[in-house]
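K.L.:
Quick one, final.cif (mmCIF, C-alpha atoms):
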```
data_start
loop_
_atom_site.group_PDB
_atom_site.id
_atom_site.type_symbol
_atom_site.label_atom_id
_atom_site.label_comp_id
_atom_site.auth_asym_id
_atom_site.auth_seq_id
_atom_site.Cartn_x
_atom_site.Cartn_y
_atom_site.Cartn_z
ATOM 1 C CA MET A 10 16.155 -30.400 -49.032
ATOM 2 C CA HIS A 11 19.663 -29.310 -49.588
ATOM 3 C CA GLY A 12 21.782 -28.988 -46.472
ATOM 4 C CA ARG A 13 19.060 -29.991 -44.089
ATOM 5 C CA VAL A 14 19.904 -32.541 -41.442
ATOM 6 C CA ASN A 15 17.357 -35.235 -40.837
ATOM 7 C CA TRP A 16 17.310 -35.375 -37.053
ATOM 8 C CA PHE A 17 14.961 -38.310 -37.031
ATOM 9 C CA LYS A 18 17.203 -40.464 -39.149
ATOM 10 C CA TYR A 19 18.728 -42.145 -36.101
ATOM 11 C CA ALA A 20 15.340 -42.514 -34.413
ATOM 12 C CA SER A 21 14.913 -45.482 -36.719
ATOM 13 C CA PRO A 22 16.239 -48.709 -35.179
ATOM 14 C CA ALA A 23 17.677 -49.846 -38.491
ATOM 15 C CA SER A 24 19.863 -46.760 -38.866
ATOM 16 C CA PHE A 25 20.680 -46.491 -35.162
ATOM 17 C CA TYR A 26 21.913 -50.096 -35.050
ATOM 18 C CA PRO A 27 25.201 -49.540 -36.914
ATOM 19 C CA LEU A 28 25.723 -46.130 -35.263
ATOM 20 C CA ALA A 29 25.407 -47.726 -31.809
ATOM 21 C CA GLY A 30 27.902 -50.355 -32.879
ATOM 22 C CA ARG A 31 30.417 -47.698 -33.922
ATOM 23 C CA MET A 32 30.015 -45.679 -30.707
ATOM 24 C CA LEU A 33 30.095 -48.643 -28.335
ATOM 25 C CA PRO A 34 33.877 -49.325 -28.229
ATOM 26 C CA TRP A 35 34.654 -45.672 -27.548
ATOM 27 C CA PHE A 36 32.351 -45.497 -24.555
ATOM 28 C CA ALA A 37 33.622 -48.847 -23.270
ATOM 29 C CA ALA A 38 37.228 -47.664 -23.586
ATOM 30 C CA ALA A 39 36.419 -44.359 -21.870
ATOM 31 C CA ALA A 40 34.742 -46.261 -19.026
ATOM 32 C CA ALA A 41 37.841 -48.416 -18.531
ATOM 33 C CA VAL A 42 40.202 -45.421 -18.575
ATOM 34 C CA PHE A 43 38.090 -43.357 -16.164
ATOM 35 C CA ALA A 44 37.611 -46.338 -13.849
ATOM 36 C CA ALA A 45 41.340 -47.055 -13.755
ATOM 37 C CA ALA A 46 42.131 -43.415 -12.983
ATOM 38 C CA GLY A 47 39.307 -43.107 -10.471
ATOM 39 C CA LEU A 48 40.220 -46.288 -8.610
ATOM 40 C CA TYR A 49 43.886 -45.302 -8.577
ATOM 41 C CA ILE A 50 43.069 -41.937 -7.015
ATOM 42 C CA GLY A 51 40.442 -43.456 -4.752
ATOM 43 C CA PHE A 52 42.638 -46.196 -3.323
ATOM 44 C CA PHE A 53 46.183 -44.884 -3.615
ATOM 45 C CA ALA A 54 46.333 -41.129 -4.042
ATOM 46 C CA ALA A 55 43.501 -39.964 -1.785
ATOM 47 C CA PRO A 56 44.395 -39.905 1.916
ATOM 48 C CA PRO A 57 42.321 -41.699 4.585
ATOM 49 C CA ASP A 58 39.431 -39.674 5.970
ATOM 50 C CA TYR A 59 40.267 -37.937 9.221
ATOM 51 C CA GLN A 60 37.086 -39.224 10.895
ATOM 52 C CA GLN A 61 36.249 -42.450 9.105
ATOM 53 C CA GLY A 62 39.695 -43.764 8.226
ATOM 54 C CA GLU A 63 39.798 -46.144 5.255
ATOM 55 C CA VAL A 64 36.147 -47.143 5.179
ATOM 56 C CA TYR A 65 35.153 -43.890 3.502
ATOM 57 C CA ARG A 66 36.706 -45.271 0.266
ATOM 58 C CA ILE A 67 33.331 -46.906 -0.351
ATOM 59 C CA ILE A 68 32.280 -43.419 -1.467
ATOM 60 C CA PHE A 69 34.025 -43.920 -4.833
ATOM 61 C CA ILE A 70 31.552 -46.623 -5.821
ATOM 62 C CA HIS A 71 28.577 -45.641 -3.641
ATOM 63 C CA VAL A 72 28.021 -42.063 -4.781
ATOM 64 C CA PRO A 73 28.593 -42.636 -8.530
ATOM 65 C CA ALA A 74 26.290 -45.683 -8.422
ATOM 66 C CA ALA A 75 23.615 -43.707 -6.578
ATOM 67 C CA TRP A 76 23.861 -40.816 -9.042
ATOM 68 C CA MET A 77 23.605 -43.199 -11.992
ATOM 69 C CA SER A 78 20.655 -45.042 -10.468
ATOM 70 C CA MET A 79 18.699 -41.772 -10.508
ATOM 71 C CA PHE A 80 20.128 -40.377 -13.735
ATOM 72 C CA ILE A 81 19.332 -43.527 -15.729
ATOM 73 C CA TYR A 82 15.770 -43.338 -14.466
ATOM 74 C CA VAL A 83 15.509 -39.696 -15.569
ATOM 75 C CA VAL A 84 16.791 -40.647 -19.026
ATOM 76 C CA MET A 85 14.264 -43.518 -19.127
ATOM 77 C CA ALA A 86 11.507 -41.057 -18.215
ATOM 78 C CA MET A 87 12.544 -38.806 -21.103
ATOM 79 C CA TYR A 88 12.461 -41.773 -23.476
ATOM 80 C CA ALA A 89 9.062 -42.585 -21.984
ATOM 81 C CA VAL A 90 7.824 -39.124 -23.001
ATOM 82 C CA ALA A 91 9.130 -39.741 -26.513
ATOM 83 C CA THR A 92 7.498 -43.174 -26.588
ATOM 84 C CA LEU A 93 4.122 -41.773 -25.534
ATOM 85 C CA ALA A 94 4.191 -38.528 -27.510
ATOM 86 C CA LEU A 95 6.043 -39.454 -30.690
ATOM 87 C CA ARG A 96 5.400 -43.190 -30.689
ATOM 88 C CA THR A 97 8.944 -43.917 -31.695
ATOM 89 C CA ARG A 98 9.974 -47.524 -31.316
ATOM 90 C CA LEU A 99 13.612 -46.849 -30.596
ATOM 91 C CA SER A 100 12.768 -44.812 -27.485
ATOM 92 C CA ALA A 101 10.892 -47.780 -26.006
ATOM 93 C CA MET A 102 13.837 -49.997 -26.863
ATOM 94 C CA MET A 103 16.176 -47.564 -25.119
ATOM 95 C CA ILE A 104 14.042 -47.774 -21.981
ATOM 96 C CA ALA A 105 14.360 -51.539 -22.094
ATOM 97 C CA ALA A 106 18.098 -51.244 -22.736
ATOM 98 C CA LEU A 107 18.704 -48.871 -19.824
ATOM 99 C CA ALA A 108 16.476 -50.416 -17.156
ATOM 100 C CA PRO A 109 18.663 -53.413 -16.184
ATOM 101 C CA THR A 110 21.698 -51.162 -15.753
ATOM 102 C CA GLY A 111 19.635 -48.677 -13.757
ATOM 103 C CA ALA A 112 18.471 -51.464 -11.462
ATOM 104 C CA LEU A 113 22.054 -52.696 -11.198
ATOM 105 C CA PHE A 114 23.333 -49.317 -10.049
ATOM 106 C CA THR A 115 20.420 -48.922 -7.646
ATOM 107 C CA PHE A 116 21.303 -52.249 -6.080
ATOM 108 C CA ILE A 117 25.017 -51.351 -5.921
ATOM 109 C CA ALA A 118 24.139 -48.037 -4.241
ATOM 110 C CA LEU A 119 21.993 -49.818 -1.646
ATOM 111 C CA TRP A 120 24.496 -52.615 -1.094
ATOM 112 C CA SER A 121 27.561 -50.382 -0.791
ATOM 113 C CA GLY A 122 25.501 -48.075 1.414
ATOM 114 C CA ALA A 123 24.719 -50.974 3.752
ATOM 115 C CA PHE A 124 28.405 -51.891 3.907
ATOM 116 C CA TRP A 125 29.171 -48.285 4.722
ATOM 117 C CA GLY A 126 26.325 -47.813 7.182
ATOM 118 C CA ARG A 127 27.244 -50.824 9.300
ATOM 119 C CA PRO A 128 30.694 -49.526 10.423
ATOM 120 C CA THR A 129 29.709 -45.838 10.567
ATOM 121 C CA TRP A 130 26.086 -45.869 11.793
ATOM 122 C CA GLY A 131 26.107 -49.293 13.425
ATOM 123 C CA ALA A 132 23.315 -50.592 11.206
ATOM 124 C CA TRP A 133 23.164 -52.273 7.791
ATOM 125 C CA TRP A 134 19.821 -50.688 7.129
ATOM 126 C CA VAL A 135 17.618 -47.965 8.585
ATOM 127 C CA TRP A 136 14.190 -46.839 7.366
ATOM 128 C CA ASP A 137 15.477 -43.390 6.658
ATOM 129 C CA ALA A 138 13.928 -41.267 3.893
ATOM 130 C CA ARG A 139 16.949 -41.453 1.584
ATOM 131 C CA LEU A 140 17.368 -45.214 1.924
ATOM 132 C CA THR A 141 13.676 -45.945 1.677
ATOM 133 C CA SER A 142 13.142 -43.803 -1.427
ATOM 134 C CA GLU A 143 16.163 -45.431 -3.074
ATOM 135 C CA LEU A 144 14.686 -48.842 -2.269
ATOM 136 C CA ILE A 145 11.436 -47.710 -3.889
ATOM 137 C CA LEU A 146 13.488 -46.813 -6.969
ATOM 138 C CA LEU A 147 14.702 -50.419 -7.103
ATOM 139 C CA PHE A 148 11.095 -51.594 -6.883
ATOM 140 C CA LEU A 149 10.136 -49.202 -9.697
ATOM 141 C CA TYR A 150 12.770 -50.808 -11.911
ATOM 142 C CA PHE A 151 11.405 -54.238 -10.946
ATOM 143 C CA GLY A 152 7.893 -53.007 -11.665
ATOM 144 C CA TYR A 153 8.985 -51.974 -15.136
ATOM 145 C CA PHE A 154 10.526 -55.423 -15.777
ATOM 146 C CA ALA A 155 7.403 -57.161 -14.526
ATOM 147 C CA LEU A 156 4.989 -55.054 -16.559
ATOM 148 C CA HIS A 157 7.024 -54.996 -19.756
ATOM 149 C CA GLY A 158 7.809 -58.679 -19.453
ATOM 150 C CA ALA A 159 4.189 -59.590 -18.863
ATOM 151 C CA LEU A 160 2.764 -57.537 -21.709
ATOM 152 C CA GLY A 161 5.138 -58.635 -24.419
ATOM 153 C CA ARG A 162 6.917 -56.793 -27.137
ATOM 154 C CA ASP A 163 4.286 -54.891 -29.021
ATOM 155 C CA ALA A 164 3.714 -51.143 -29.144
ATOM 156 C CA ARG A 165 0.929 -51.204 -26.548
ATOM 157 C CA ALA A 166 3.213 -52.951 -24.061
ATOM 158 C CA ASP A 167 5.835 -50.304 -24.764
ATOM 159 C CA ARG A 168 3.396 -47.488 -24.065
ATOM 160 C CA ALA A 169 2.048 -49.048 -20.878
ATOM 161 C CA ALA A 170 5.549 -49.597 -19.554
ATOM 162 C CA ALA A 171 6.532 -46.058 -20.572
ATOM 163 C CA MET A 172 3.595 -44.712 -18.604
ATOM 164 C CA LEU A 173 4.728 -46.641 -15.532
ATOM 165 C CA VAL A 174 8.252 -45.228 -15.914
ATOM 166 C CA LEU A 175 6.896 -41.713 -16.295
ATOM 167 C CA VAL A 176 4.649 -41.918 -13.237
ATOM 168 C CA GLY A 177 7.468 -43.408 -11.187
ATOM 169 C CA SER A 178 9.752 -40.484 -11.986
ATOM 170 C CA ILE A 179 8.055 -38.557 -9.156
ATOM 171 C CA ASN A 180 10.307 -40.603 -6.898
ATOM 172 C CA ILE A 181 13.499 -39.055 -8.278
ATOM 173 C CA PRO A 182 13.149 -35.577 -6.693
ATOM 174 C CA ILE A 183 11.975 -37.325 -3.527
ATOM 175 C CA ILE A 184 15.241 -39.284 -3.381
ATOM 176 C CA TYR A 185 17.300 -36.244 -4.250
ATOM 177 C CA PHE A 186 15.744 -33.847 -1.761
ATOM 178 C CA SER A 187 14.989 -36.433 0.945
ATOM 179 C CA VAL A 188 18.067 -35.409 2.914
ATOM 180 C CA ARG A 189 16.756 -31.835 3.009
ATOM 181 C CA TRP A 190 13.042 -32.454 3.466
ATOM 182 C CA TRP A 191 13.384 -34.906 6.305
ATOM 183 C CA ASN A 192 15.774 -35.462 9.141
ATOM 184 C CA THR A 193 17.735 -38.359 7.797
ATOM 185 C CA LEU A 194 20.537 -40.407 9.194
ATOM 186 C CA HIS A 195 21.960 -40.257 5.700
ATOM 187 C CA GLN A 196 24.191 -37.238 5.345
ATOM 188 C CA GLY A 197 23.336 -34.305 3.134
ATOM 189 C CA ALA A 198 24.964 -33.579 -0.192
ATOM 190 C CA SER A 199 28.731 -33.124 -0.010
ATOM 191 C CA VAL A 200 28.765 -31.772 -3.528
ATOM 192 C CA SER A 201 26.357 -29.200 -4.899
ATOM 193 C CA LEU A 202 26.315 -26.731 -7.730
ATOM 194 C CA THR A 203 25.902 -23.720 -5.483
ATOM 195 C CA ALA A 204 28.342 -24.293 -2.631
ATOM 196 C CA ALA A 205 31.992 -25.205 -2.376
ATOM 197 C CA PRO A 206 32.426 -28.970 -1.983
ATOM 198 C CA LYS A 207 32.900 -30.232 1.538
ATOM 199 C CA MET A 208 35.583 -32.689 0.493
ATOM 200 C CA ALA A 209 39.299 -32.782 -0.134
ATOM 201 C CA HIS A 210 40.270 -32.197 -3.750
ATOM 202 C CA LEU A 211 41.688 -35.655 -4.342
ATOM 203 C CA MET A 212 38.601 -37.332 -2.911
ATOM 204 C CA LEU A 213 36.454 -35.157 -5.122
ATOM 205 C CA ALA A 214 38.588 -35.928 -8.178
ATOM 206 C CA GLY A 215 38.339 -39.666 -7.527
ATOM 207 C CA MET A 216 34.589 -39.443 -7.108
ATOM 208 C CA PHE A 217 34.080 -37.490 -10.314
ATOM 209 C CA LEU A 218 36.320 -39.840 -12.291
ATOM 210 C CA MET A 219 34.333 -42.794 -11.005
ATOM 211 C CA ALA A 220 31.116 -40.963 -11.840
ATOM 212 C CA LEU A 221 32.388 -40.466 -15.403
ATOM 213 C CA ALA A 222 33.391 -44.144 -15.502
ATOM 214 C CA VAL A 223 29.945 -45.424 -14.532
ATOM 215 C CA TRP A 224 28.378 -42.928 -16.913
ATOM 216 C CA MET A 225 30.453 -44.185 -19.857
ATOM 217 C CA TYR A 226 29.855 -47.762 -18.743
ATOM 218 C CA ALA A 227 26.104 -47.236 -18.648
ATOM 219 C CA ILE A 228 26.118 -45.742 -22.148
ATOM 220 C CA ALA A 229 28.269 -48.567 -23.532
ATOM 221 C CA VAL A 230 26.097 -51.251 -21.961
ATOM 222 C CA ALA A 231 22.883 -49.565 -23.084
ATOM 223 C CA LEU A 232 24.183 -49.345 -26.660
ATOM 224 C CA ALA A 233 25.193 -53.008 -26.634
ATOM 225 C CA ARG A 234 21.836 -54.020 -25.182
ATOM 226 C CA VAL A 235 19.768 -51.913 -27.536
ATOM 227 C CA ARG A 236 21.548 -53.603 -30.437
ATOM 228 C CA CYS A 237 20.470 -56.979 -29.061
ATOM 229 C CA ILE A 238 16.925 -55.695 -28.627
ATOM 230 C CA ILE A 239 16.825 -54.315 -32.165
ATOM 231 C CA ARG A 240 17.991 -57.633 -33.565
ATOM 232 C CA GLU A 241 15.495 -59.590 -31.491
ATOM 233 C CA ARG A 242 12.511 -57.363 -32.110
ATOM 234 C CA GLU A 243 13.048 -56.227 -35.657
ATOM 235 C CA ARG A 244 13.773 -59.537 -37.254
ATOM 236 C CA ARG A 245 10.624 -59.437 -39.316
ATOM 237 C CA ALA A 246 11.550 -55.999 -40.540
ATOM 238 C CA VAL A 247 15.007 -57.257 -41.194
ATOM 239 C CA THR A 248 13.710 -60.047 -43.351
ATOM 240 C CA TRP A 249 11.753 -57.525 -45.309
ATOM 241 C CA GLU A 250 14.663 -55.187 -45.780
ATOM 242 C CA GLY A 251 16.942 -58.068 -46.645
ATOM 243 C CA MET A 252 19.621 -56.485 -44.548
ATOM 244 C CA ALA A 253 22.673 -58.363 -43.422
ATOM 245 C CA TRP A 254 23.144 -56.430 -40.205
ATOM 246 C CA THR A 255 21.432 -58.947 -37.997
ATOM 247 C CA ARG A 256 24.414 -61.246 -38.052
ATOM 248 C CA MET B 18 54.312 -46.187 4.851
ATOM 249 C CA GLY B 19 57.724 -47.804 4.657
ATOM 250 C CA GLY B 20 58.424 -51.450 5.473
ATOM 251 C CA HIS B 21 58.578 -54.342 3.053
ATOM 252 C CA GLY B 22 56.496 -54.575 -0.047
ATOM 253 C CA VAL B 23 54.499 -57.488 1.334
ATOM 254 C CA ASP B 24 53.585 -55.440 4.406
ATOM 255 C CA THR B 25 52.370 -52.622 2.231
ATOM 256 C CA VAL B 26 50.219 -55.006 0.207
ATOM 257 C CA THR B 27 48.845 -56.646 3.356
ATOM 258 C CA ARG B 28 48.106 -53.311 4.910
ATOM 259 C CA PHE B 29 46.352 -52.208 1.734
ATOM 260 C CA PHE B 30 44.036 -55.216 1.809
ATOM 261 C CA GLU B 31 43.379 -54.773 5.516
ATOM 262 C CA MET B 32 41.906 -51.325 4.808
ATOM 263 C CA GLY B 33 42.579 -50.138 8.338
ATOM 264 C CA GLY B 34 40.405 -52.913 9.784
ATOM 265 C CA TYR B 35 37.515 -52.212 7.418
ATOM 266 C CA ALA B 36 38.407 -54.889 4.867
ATOM 267 C CA LEU B 37 35.011 -56.623 5.108
ATOM 268 C CA TYR B 38 33.107 -53.413 4.405
ATOM 269 C CA VAL B 39 35.312 -51.918 1.711
ATOM 270 C CA TRP B 40 35.861 -55.164 -0.211
ATOM 271 C CA GLY B 41 32.312 -56.297 0.441
ATOM 272 C CA ALA B 42 31.021 -53.152 -1.225
ATOM 273 C CA TYR B 43 33.446 -53.215 -4.164
ATOM 274 C CA GLY B 44 33.315 -56.982 -4.533
ATOM 275 C CA MET B 45 29.562 -57.011 -5.073
ATOM 276 C CA ALA B 46 29.766 -54.040 -7.442
ATOM 277 C CA PHE B 47 32.432 -55.627 -9.633
ATOM 278 C CA ALA B 48 30.815 -59.061 -9.502
ATOM 279 C CA LEU B 49 27.506 -57.668 -10.732
ATOM 280 C CA ILE B 50 29.120 -55.513 -13.396
ATOM 281 C CA GLY B 51 31.111 -58.538 -14.581
ATOM 282 C CA LEU B 52 27.934 -60.600 -14.659
ATOM 283 C CA GLU B 53 26.112 -57.946 -16.671
ATOM 284 C CA VAL B 54 28.924 -57.702 -19.215
ATOM 285 C CA ALA B 55 29.168 -61.501 -19.514
ATOM 286 C CA ARG B 56 25.428 -61.929 -20.000
ATOM 287 C CA LEU B 57 25.331 -59.127 -22.530
ATOM 288 C CA ALA B 58 28.254 -60.601 -24.451
ATOM 289 C CA ARG B 59 26.461 -63.930 -24.587
ATOM 290 C CA ARG B 60 23.234 -62.282 -25.711
ATOM 291 C CA SER B 61 25.107 -60.375 -28.427
ATOM 292 C CA ARG B 62 26.641 -63.581 -29.761
ATOM 293 C CA GLN B 63 23.329 -65.389 -29.953
ATOM 294 C CA ARG B 64 22.141 -65.791 -33.485
ATOM 295 C CA VAL B 65 18.695 -64.405 -33.851
ATOM 296 C CA ARG B 66 16.331 -67.039 -35.098
ATOM 297 C CA ARG B 67 15.155 -65.853 -38.420
ATOM 298 C CA ALA B 68 11.539 -65.267 -39.155
ATOM 299 C CA PRO B 69 9.727 -67.964 -41.111
ATOM 300 C CA PRO B 70 11.069 -67.556 -44.604
ATOM 301 C CA GLN B 71 7.840 -68.028 -46.533
ATOM 302 C CA ARG B 72 6.645 -64.496 -46.892
ATOM 303 C CA PRO B 73 8.343 -61.350 -45.723
ATOM 304 C CA VAL B 74 6.078 -59.215 -43.579
ATOM 305 C CA ARG B 75 6.014 -55.577 -44.323
ATOM 306 C CA PRO B 76 6.580 -53.662 -41.091
ATOM 307 C CA GLN B 77 3.554 -51.799 -39.765
ATOM 308 C CA TRP B 78 5.162 -48.471 -39.058
ATOM 309 C CA ARG B 79 6.455 -47.930 -42.520
ATOM 310 C CA ARG B 80 4.363 -45.931 -44.881
ATOM 311 C CA ALA B 81 4.515 -46.876 -48.495
ATOM 312 C CA ALA B 82 6.816 -44.467 -50.271
#
```
Hey, can you dump this file as structure tokens for me?

P.N.:
Amino acid sequence: MHGRVNWFKYASPASFYPLAGRMLPWFAAAAAVFAAAGLYIGFFAAPPDYQQGEVYRIIFIHVPAAWMSMFIYVVMAMYAVATLALRTRLSAMMIAALAPTGALFTFIALWSGAFWGRPTWGAWWVWDARLTSELILLFLYFGYFALHGALGRDARADRAAAMLVLVGSINIPIIYFSVRWWNTLHQGASVSLTAAPKMAHLMLAGMFLMALAVWMYAIAVALARVRCIIRERERRAVTWEGMAWTR
Amino acid sequence: MGGHGVDTVTRFFEMGGYALYVWGAYGMAFALIGLEVARLARRSRQRVRRAPPQRPVRPQWRRAA
């Protein structure tokens, strides 16, 4: 029809492939710019913390990584809904493209948290609700890899893995609210939508810039990875279409 | 601050005595991110082995127009 936009056009891997390729450099460049600005503010402009001294600077990687670890999982869960309800192939490919980066940020959050906990709490690890639920998130990512890897690349494997992702998403509010629901050693939120932030402006600016950086990075990496997945999985389709875009 | 440039650089890397923790946290983060980018770059460069050329297979999801 005249003037009507076909919203599902880019739900097709073949048409999303070149679009992802065009978007990728912009997100990669944005990630680099935000990371440079965020690290500059985090290490040079922001003053030392009045209680913790210099060690608090771990916050600029720890909090953005922890946010991304949860956010990527939420996005995967939404793609899981699309995979199960609409049976679109690209949504399952996006889950596969996002999962390694989600696991990466989960690990970085746990690792940087351990390196922050040791000097401030006196322990690398405690079985506190926030830490434990974040560790479970890492295991959920591993569970997805194991299931998807074991079942193969067909549509049934995609749906089974999507179901696992969807069920696991119950863990996300548990992580988020753990510091409120339980008495945790982990501190509560320093930033919330409803209250004024409990941080100096420069610290906050550095944290948000780093959050934007990891966000852009995650998008860039997911786009690059989904292109690989499309090429690897759609090669039969590609042969049929006689398209040159696999090269 | 003040002092010579070398002192400033040294003091920066000392991180007020928390060098192990700060650089341990960032070092792992950047190492893993670098690894992910490198692996992805290699995967992107890999030529996809083409399907057997005998007969093109019509994809299942596509309805005949």

K.L.:
Give me, as an MDAnalysis selection string, the contact residues of chain A against chain B at a cut-off of 9 Å, counting only C-alpha atoms.

P.N.:
chainID A and resid 52 62:67 70:71 109:110 113:114 116:118 120:125 127:128 230 233:234 236:237 240:241 243:250 255:256

K.L.:
Please work out which residues fall within 9 Å of (15.0, -45.2, -20.6), coordinates as given in the file, with only C-alpha atoms counting, and return them as a list in words.

P.N.:
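Answer for this query, in the requested form: Ile81, Tyr82, Val83, Val84, Met85, Ala86, Met87, Tyr88, Ala89, Ser100, Ala101, Met102, Met103, Ile104, Ala105, Ala106, Leu107, Ala108, Gly111, Ala171 and Val174 of chain A.
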
K.L.:
Tell me, in Å to one decimal, how far atom CA of Val176 of chain A is from atom CA of Ala75 of chain A.

P.N.:
20.2 Å

K.L.:
I would like the residues chosen by the PyMOL selection byres ((chain A and resi 37-46) around 6) on the shown file; could you give them as a list in words?

P.N.:
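Those residues are Pro34, Trp35, Phe36, Gly47, Leu48, Tyr49, Leu218, Met219, Ala222, Met225, Tyr226 and Ala229 of chain A.
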
K.L.:
Please dump the current selection as a PDB file, keeping the file's coordinate frame; keep C-alpha atoms.

P.N.:
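What ended up in selection27.pdb:
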```
ATOM      1  CA  PRO A  34      33.877 -49.325 -28.229  1.00  0.00           C
ATOM      2  CA  TRP A  35      34.654 -45.672 -27.548  1.00  0.00           C
ATOM      3  CA  PHE A  36      32.351 -45.497 -24.555  1.00  0.00           C
ATOM      4  CA  GLY A  47      39.307 -43.107 -10.471  1.00  0.00           C
ATOM      5  CA  LEU A  48      40.220 -46.288  -8.610  1.00  0.00           C
ATOM      6  CA  TYR A  49      43.886 -45.302  -8.577  1.00  0.00           C
ATOM      7  CA  LEU A 218      36.320 -39.840 -12.291  1.00  0.00           C
ATOM      8  CA  MET A 219      34.333 -42.794 -11.005  1.00  0.00           C
ATOM      9  CA  ALA A 222      33.391 -44.144 -15.502  1.00  0.00           C
ATOM     10  CA  MET A 225      30.453 -44.185 -19.857  1.00  0.00           C
ATOM     11  CA  TYR A 226      29.855 -47.762 -18.743  1.00  0.00           C
ATOM     12  CA  ALA A 229      28.269 -48.567 -23.532  1.00  0.00           C
TER      13      ALA A 229
END
```

K.L.:
Name all residues at most 12 Å from segment 189-202 of chain A (count all atoms listed in the file; drop same-chain ones fewer than 5 positions away) and give them as number ranges by chain.

P.N.:
A: 68, 72-73, 76, 122-123, 125-126, 129-132, 134-143, 182-184, 207-210, 212-214, 216-217

K.L.:
To one decimal place in Å, what is the distance between atom CA of Leu99 of chain A and atom CA of Ile239 of chain A?

P.N.:
8.3 Å
